[in-house]
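Below is model.pdb, which holds PDB, C-alpha atoms and all ligand atoms.
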ATOM      1  CA  MET A 682     129.553  77.355  42.637  1.00  0.00           C
ATOM      2  CA  LYS A 683     130.506  80.084  40.242  1.00  0.00           C
ATOM      3  CA  LYS A 684     134.070  78.807  40.237  1.00  0.00           C
ATOM      4  CA  LEU A 685     132.941  75.298  39.436  1.00  0.00           C
ATOM      5  CA  LEU A 686     130.914  76.643  36.574  1.00  0.00           C
ATOM      6  CA  THR A 687     133.889  78.577  35.223  1.00  0.00           C
ATOM      7  CA  LEU A 688     136.005  75.475  35.459  1.00  0.00           C
ATOM      8  CA  ALA A 689     133.396  73.509  33.562  1.00  0.00           C
ATOM      9  CA  VAL A 690     133.272  76.150  30.855  1.00  0.00           C
ATOM     10  CA  VAL A 691     137.062  76.153  30.558  1.00  0.00           C
ATOM     11  CA  LEU A 692     137.085  72.373  30.407  1.00  0.00           C
ATOM     12  CA  ILE A 693     134.427  72.268  27.720  1.00  0.00           C
ATOM     13  CA  SER A 694     136.121  74.910  25.598  1.00  0.00           C
ATOM     14  CA  SER A 695     139.472  73.131  25.856  1.00  0.00           C
ATOM     15  CA  LEU A 696     137.809  69.923  24.683  1.00  0.00           C
ATOM     16  CA  THR A 697     136.418  71.812  21.717  1.00  0.00           C
ATOM     17  CA  VAL A 698     139.844  73.175  20.882  1.00  0.00           C
ATOM     18  CA  THR A 699     141.317  69.672  20.973  1.00  0.00           C
ATOM     19  CA  SER A 700     138.659  68.311  18.691  1.00  0.00           C
ATOM     20  CA  GLN A 701     139.271  71.067  16.177  1.00  0.00           C
ATOM     21  CA  ASN A 702     142.812  69.788  15.787  1.00  0.00           C
ATOM     22  CA  VAL A 703     141.862  67.107  13.281  1.00  0.00           C
ATOM     23  CA  HIS A 704     143.118  68.506  10.006  1.00  0.00           C
ATOM     24  CA  ILE A 705     140.659  67.670   7.238  1.00  0.00           C
ATOM     25  CA  ASP A 706     141.500  68.450   3.615  1.00  0.00           C
ATOM     26  CA  GLY A 707     138.774  70.641   2.126  1.00  0.00           C
ATOM     27  CA  ARG A 708     138.520  68.392  -0.927  1.00  0.00           C
ATOM     28  CA  LEU A 709     137.646  65.424   1.314  1.00  0.00           C
ATOM     29  CA  GLN A 710     135.357  67.303   3.678  1.00  0.00           C
ATOM     30  CA  PRO A 711     132.104  66.910   1.637  1.00  0.00           C
ATOM     31  CA  LEU A 712     132.730  63.161   1.262  1.00  0.00           C
ATOM     32  CA  LEU A 713     133.512  62.813   4.969  1.00  0.00           C
ATOM     33  CA  THR A 714     130.353  64.723   5.906  1.00  0.00           C
ATOM     34  CA  GLU A 715     128.279  62.461   3.679  1.00  0.00           C
ATOM     35  CA  PHE A 716     129.931  59.344   5.124  1.00  0.00           C
ATOM     36  CA  LEU A 717     129.447  60.448   8.738  1.00  0.00           C
ATOM     37  CA  GLU A 718     125.791  61.253   8.065  1.00  0.00           C
ATOM     38  CA  LEU A 719     125.352  57.714   6.764  1.00  0.00           C
ATOM     39  CA  CYS A 720     127.021  56.399   9.941  1.00  0.00           C
ATOM     40  CA  THR A 721     124.528  58.370  12.013  1.00  0.00           C
ATOM     41  CA  SER A 722     121.617  56.938  10.039  1.00  0.00           C
ATOM     42  CA  TYR A 723     122.963  53.441  10.815  1.00  0.00           C
ATOM     43  CA  ASN A 724     123.449  54.370  14.498  1.00  0.00           C
ATOM     44  CA  ILE A 725     127.207  54.010  14.281  1.00  0.00           C
ATOM     45  CA  ASP A 726     128.983  56.446  16.583  1.00  0.00           C
ATOM     46  CA  THR A 727     131.968  58.165  14.968  1.00  0.00           C
ATOM     47  CA  HIS A 728     132.658  61.091  17.269  1.00  0.00           C
ATOM     48  CA  ASP A 729     135.439  59.558  19.397  1.00  0.00           C
ATOM     49  CA  LYS A 730     137.099  57.918  16.419  1.00  0.00           C
ATOM     50  CA  LEU A 731     137.118  61.141  14.434  1.00  0.00           C
ATOM     51  CA  PHE A 732     138.797  63.121  17.182  1.00  0.00           C
ATOM     52  CA  LYS A 733     141.498  60.502  17.736  1.00  0.00           C
ATOM     53  CA  LEU A 734     142.857  61.325  14.283  1.00  0.00           C
ATOM     54  CA  ASN A 735     145.458  63.944  13.444  1.00  0.00           C
ATOM     55  CA  SER A 736     144.425  64.307   9.840  1.00  0.00           C
ATOM     56  CA  ILE A 737     142.317  63.199   6.911  1.00  0.00           C
ATOM     57  CA  ASP A 738     144.385  64.398   4.030  1.00  0.00           C
ATOM     58  CA  ILE A 739     145.311  64.213   0.363  1.00  0.00           C
ATOM     59  CA  VAL A 740     149.003  63.292   0.211  1.00  0.00           C
ATOM     60  CA  ASN A 741     151.806  62.712  -2.301  1.00  0.00           C
ATOM     61  CA  THR A 742     153.658  60.182  -0.161  1.00  0.00           C
ATOM     62  CA  LEU A 743     151.849  56.988  -1.228  1.00  0.00           C
ATOM     63  CA  SER A 744     153.422  54.742  -3.852  1.00  0.00           C
ATOM     64  CA  VAL A 745     152.571  55.253  -7.494  1.00  0.00           C
ATOM     65  CA  SER A 746     153.641  52.724 -10.116  1.00  0.00           C
ATOM     66  CA  GLU A 747     152.465  51.133 -13.348  1.00  0.00           C
ATOM     67  CA  LYS A 748     152.016  47.828 -11.470  1.00  0.00           C
ATOM     68  CA  GLY A 749     149.488  49.398  -9.138  1.00  0.00           C
ATOM     69  CA  SER A 750     149.348  52.387  -6.864  1.00  0.00           C
ATOM     70  CA  THR A 751     148.284  52.738  -3.266  1.00  0.00           C
ATOM     71  CA  LEU A 752     145.325  55.063  -3.558  1.00  0.00           C
ATOM     72  CA  GLY A 753     144.563  55.282   0.133  1.00  0.00           C
ATOM     73  CA  MET A 754     145.873  54.112   3.486  1.00  0.00           C
ATOM     74  CA  LEU A 755     145.335  54.309   7.223  1.00  0.00           C
ATOM     75  CA  ARG A 756     148.553  55.615   8.750  1.00  0.00           C
ATOM     76  CA  ARG A 757     149.381  54.302  12.240  1.00  0.00           C
ATOM     77  CA  ASP A 758     151.577  55.537  15.065  1.00  0.00           C
ATOM     78  CA  ALA A 759     154.314  53.471  16.776  1.00  0.00           C
ATOM     79  CA  GLU A 760     151.681  51.818  19.004  1.00  0.00           C
ATOM     80  CA  GLY A 761     149.620  50.771  16.016  1.00  0.00           C
ATOM     81  CA  ALA A 762     146.776  53.225  16.593  1.00  0.00           C
ATOM     82  CA  VAL A 763     145.413  54.890  13.474  1.00  0.00           C
ATOM     83  CA  GLU A 764     146.519  58.518  13.437  1.00  0.00           C
ATOM     84  CA  ALA A 765     145.637  59.556   9.902  1.00  0.00           C
ATOM     85  CA  ILE A 766     143.666  58.675   6.795  1.00  0.00           C
ATOM     86  CA  ASP A 767     145.823  59.364   3.747  1.00  0.00           C
ATOM     87  CA  ILE A 768     144.396  59.586   0.242  1.00  0.00           C
ATOM     88  CA  ASN A 769     146.734  59.564  -2.766  1.00  0.00           C
ATOM     89  CA  TRP A 770     146.526  62.779  -4.835  1.00  0.00           C
ATOM     90  CA  MET A 771     146.157  60.514  -7.902  1.00  0.00           C
ATOM     91  CA  ALA A 772     142.666  59.514  -6.786  1.00  0.00           C
ATOM     92  CA  GLN A 773     141.594  63.064  -7.575  1.00  0.00           C
ATOM     93  CA  LEU A 774     141.978  62.448 -11.302  1.00  0.00           C
ATOM     94  CA  ASP A 775     138.343  61.435 -11.272  1.00  0.00           C
ATOM     95  CA  PRO A 776     135.782  62.584  -8.674  1.00  0.00           C
ATOM     96  CA  GLU A 777     134.096  59.174  -8.682  1.00  0.00           C
ATOM     97  CA  ILE A 778     137.368  57.359  -8.038  1.00  0.00           C
ATOM     98  CA  LEU A 779     138.080  59.815  -5.220  1.00  0.00           C
ATOM     99  CA  ARG A 780     134.648  59.050  -3.748  1.00  0.00           C
ATOM    100  CA  ILE A 781     135.198  55.272  -3.792  1.00  0.00           C
ATOM    101  CA  VAL A 782     138.758  55.466  -2.466  1.00  0.00           C
ATOM    102  CA  ALA A 783     137.705  57.830   0.327  1.00  0.00           C
ATOM    103  CA  PHE A 784     134.691  55.711   1.310  1.00  0.00           C
ATOM    104  CA  HIS A 785     136.903  52.581   1.240  1.00  0.00           C
ATOM    105  CA  GLU A 786     139.400  54.134   3.672  1.00  0.00           C
ATOM    106  CA  PHE A 787     136.688  55.713   5.831  1.00  0.00           C
ATOM    107  CA  ALA A 788     135.057  52.267   6.076  1.00  0.00           C
ATOM    108  CA  HIS A 789     138.337  50.620   7.158  1.00  0.00           C
ATOM    109  CA  TYR A 790     138.443  53.064  10.020  1.00  0.00           C
ATOM    110  CA  PHE A 791     134.919  54.128  11.016  1.00  0.00           C
ATOM    111  CA  LEU A 792     133.150  50.864  10.097  1.00  0.00           C
ATOM    112  CA  GLU A 793     136.058  48.782  11.471  1.00  0.00           C
ATOM    113  CA  TYR A 794     136.780  46.732   8.388  1.00  0.00           C
ATOM    114  CA  ALA A 795     140.094  45.139   9.452  1.00  0.00           C
ATOM    115  CA  THR A 796     140.196  43.073   6.266  1.00  0.00           C
ATOM    116  CA  HIS A 797     138.802  43.201   2.744  1.00  0.00           C
ATOM    117  CA  VAL A 798     135.703  41.297   1.646  1.00  0.00           C
ATOM    118  CA  CYS A 799     137.367  39.809  -1.469  1.00  0.00           C
ATOM    119  CA  ASP A 800     140.164  40.395  -3.983  1.00  0.00           C
ATOM    120  CA  ASP A 801     138.188  41.957  -6.828  1.00  0.00           C
ATOM    121  CA  CYS A 802     134.456  41.343  -6.566  1.00  0.00           C
ATOM    122  CA  GLY A 803     133.179  44.744  -7.556  1.00  0.00           C
ATOM    123  CA  GLN A 804     132.522  45.933  -4.002  1.00  0.00           C
ATOM    124  CA  ILE A 805     133.812  49.017  -2.214  1.00  0.00           C
ATOM    125  CA  MET A 806     135.751  46.850   0.270  1.00  0.00           C
ATOM    126  CA  ALA A 807     137.479  44.676  -2.349  1.00  0.00           C
ATOM    127  CA  VAL A 808     141.303  44.660  -2.300  1.00  0.00           C
ATOM    128  CA  VAL A 809     141.395  46.131  -5.801  1.00  0.00           C
ATOM    129  CA  ASN A 810     138.682  47.609  -7.906  1.00  0.00           C
ATOM    130  CA  GLY A 811     138.774  46.471 -11.512  1.00  0.00           C
ATOM    131  CA  SER A 812     135.964  48.829 -12.390  1.00  0.00           C
ATOM    132  CA  TYR A 813     135.106  51.949 -10.453  1.00  0.00           C
ATOM    133  CA  PHE A 814     132.366  52.549 -13.009  1.00  0.00           C
ATOM    134  CA  ASP A 815     130.475  49.384 -11.963  1.00  0.00           C
ATOM    135  CA  ILE A 816     130.481  50.495  -8.331  1.00  0.00           C
ATOM    136  CA  ILE A 817     129.269  54.005  -9.067  1.00  0.00           C
ATOM    137  CA  ARG A 818     126.492  52.690 -11.305  1.00  0.00           C
ATOM    138  CA  ASP A 819     125.334  50.510  -8.431  1.00  0.00           C
ATOM    139  CA  TRP A 820     126.028  53.077  -5.701  1.00  0.00           C
ATOM    140  CA  ASP A 821     122.942  52.858  -3.464  1.00  0.00           C
ATOM    141  CA  ARG A 822     123.140  49.071  -3.170  1.00  0.00           C
ATOM    142  CA  GLN A 823     126.907  49.309  -2.639  1.00  0.00           C
ATOM    143  CA  ILE A 824     126.377  51.691   0.280  1.00  0.00           C
ATOM    144  CA  GLU A 825     123.722  49.446   1.814  1.00  0.00           C
ATOM    145  CA  LEU A 826     126.082  46.470   1.588  1.00  0.00           C
ATOM    146  CA  LEU A 827     129.031  48.467   2.926  1.00  0.00           C
ATOM    147  CA  PHE A 828     127.151  49.572   6.037  1.00  0.00           C
ATOM    148  CA  GLU A 829     124.944  46.560   6.747  1.00  0.00           C
ATOM    149  CA  GLU A 830     127.830  44.075   6.470  1.00  0.00           C
ATOM    150  CA  SER A 831     130.284  46.217   8.411  1.00  0.00           C
ATOM    151  CA  PRO A 832     131.851  45.019  11.689  1.00  0.00           C
ATOM    152  CA  ALA A 833     130.838  48.267  13.420  1.00  0.00           C
ATOM    153  CA  PHE A 834     127.179  47.850  12.417  1.00  0.00           C
ATOM    154  CA  LEU A 835     127.021  44.121  13.221  1.00  0.00           C
ATOM    155  CA  LYS A 836     128.635  44.711  16.614  1.00  0.00           C
ATOM    156  CA  GLN A 837     126.140  47.431  17.405  1.00  0.00           C
ATOM    157  CA  THR A 838     123.096  45.359  16.319  1.00  0.00           C
ATOM    158  CA  GLY A 839     124.408  42.306  18.227  1.00  0.00           C
ATOM    159  CA  GLY A 840     124.670  40.270  15.037  1.00  0.00           C
ATOM    160  CA  SER A 841     127.541  37.986  14.141  1.00  0.00           C
TER
HETATM  161 ZN    ZN B   1     141.649  48.559   1.864  1.00  0.00          ZN
END

In structure tokens, what does this structure look like?
Amino acid sequence: MKKLLTLAVVLISSLTVTSQNVHIDGRLQPLLTEFLELCTSYNIDTHDKLFKLNSIDIVNTLSVSEKGSTLGMLRRDAEGAVEAIDINWMAQLDPEILRIVAFHEFAHYFLEYATHVCDDCGQIMAVVNGSYFDIIRDWDRQIELLFEESPAFLKQTGGS
């Protein structure tokens, strides 16, 4: 019995070690915490998804050009499984842009948005955002829309 218990303890601690292997950039951590708390309030489970990732990071590998830059991206492994959430360092130029870009990418992954809701309609899940200012000004409603219309939430509530 004691041995079984020891084994269980070892097993549990090794699970903990594995889950600590998700590298999360300190500059994104407060936004991620806020996002995951929102998920919890909408009853969307994020634990397994979070620990499948290698990293949530600010990177300098995404394209930057005057015609448009990639501000964030889900990086996938050879099998197509998401292994990282990459945020372009450029998004840090403004904390509100960083917030929207991070929430957009988090929503692709944790809320299971496989597509965008429109090209440029002033929502967090638009393909491009003509005005970050409009979204921030309307933040609470934007968050409600983002969560209530999300595939993960609709699946969980049995909606369509
Ligand atoms: Zn997107």

Point (131.2, 47.3, 14.0) neighbourhood (12 Å, all atoms listed in the file) written as a PyMOL selection string: chain A and resi 720+723-727+788-795+827-841

Result set, the PyMOL selection byres (((not hetatm)) within 12 of (chain B and resi 1)) on current file, as a PyMOL selection string: chain A and resi 751-755+766-768+781-790+793-801+804-810

Given the PyMOL selection byres (((chain A and resi 732-747) around 7) and not hetatm) and the file above, list the residues it selects as a PDB file with C-alpha atoms, keeping the file's coordinate frame.
ATOM      1  CA  SER A 700     138.659  68.311  18.691  1.00  0.00           C
ATOM      2  CA  ASN A 702     142.812  69.788  15.787  1.00  0.00           C
ATOM      3  CA  VAL A 703     141.862  67.107  13.281  1.00  0.00           C
ATOM      4  CA  HIS A 704     143.118  68.506  10.006  1.00  0.00           C
ATOM      5  CA  ILE A 705     140.659  67.670   7.238  1.00  0.00           C
ATOM      6  CA  ASP A 706     141.500  68.450   3.615  1.00  0.00           C
ATOM      7  CA  HIS A 728     132.658  61.091  17.269  1.00  0.00           C
ATOM      8  CA  ASP A 729     135.439  59.558  19.397  1.00  0.00           C
ATOM      9  CA  LYS A 730     137.099  57.918  16.419  1.00  0.00           C
ATOM     10  CA  LEU A 731     137.118  61.141  14.434  1.00  0.00           C
ATOM     11  CA  LYS A 748     152.016  47.828 -11.470  1.00  0.00           C
ATOM     12  CA  GLY A 749     149.488  49.398  -9.138  1.00  0.00           C
ATOM     13  CA  SER A 750     149.348  52.387  -6.864  1.00  0.00           C
ATOM     14  CA  THR A 751     148.284  52.738  -3.266  1.00  0.00           C
ATOM     15  CA  VAL A 763     145.413  54.890  13.474  1.00  0.00           C
ATOM     16  CA  GLU A 764     146.519  58.518  13.437  1.00  0.00           C
ATOM     17  CA  ALA A 765     145.637  59.556   9.902  1.00  0.00           C
ATOM     18  CA  ILE A 766     143.666  58.675   6.795  1.00  0.00           C
ATOM     19  CA  ASP A 767     145.823  59.364   3.747  1.00  0.00           C
ATOM     20  CA  ILE A 768     144.396  59.586   0.242  1.00  0.00           C
ATOM     21  CA  ASN A 769     146.734  59.564  -2.766  1.00  0.00           C
ATOM     22  CA  TRP A 770     146.526  62.779  -4.835  1.00  0.00           C
TER      23      TRP A 770
END

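Relative to CA of Gly803 (chain A), CA of Arg822 (chain A) is found at 11.8 Å.
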
Separation of CA of Glu718 (chain A) from CA of Leu774 (chain A), in Å and rounded to one decimal: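 About the pair CA of Glu718 (chain A) and CA of Leu774 (chain A): they are 25.3 Å apart.
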
Atomic distance CA of Gly707 (chain A) - CA of Glu777 (chain A), expressed in Å with one decimal: 16.4 Å
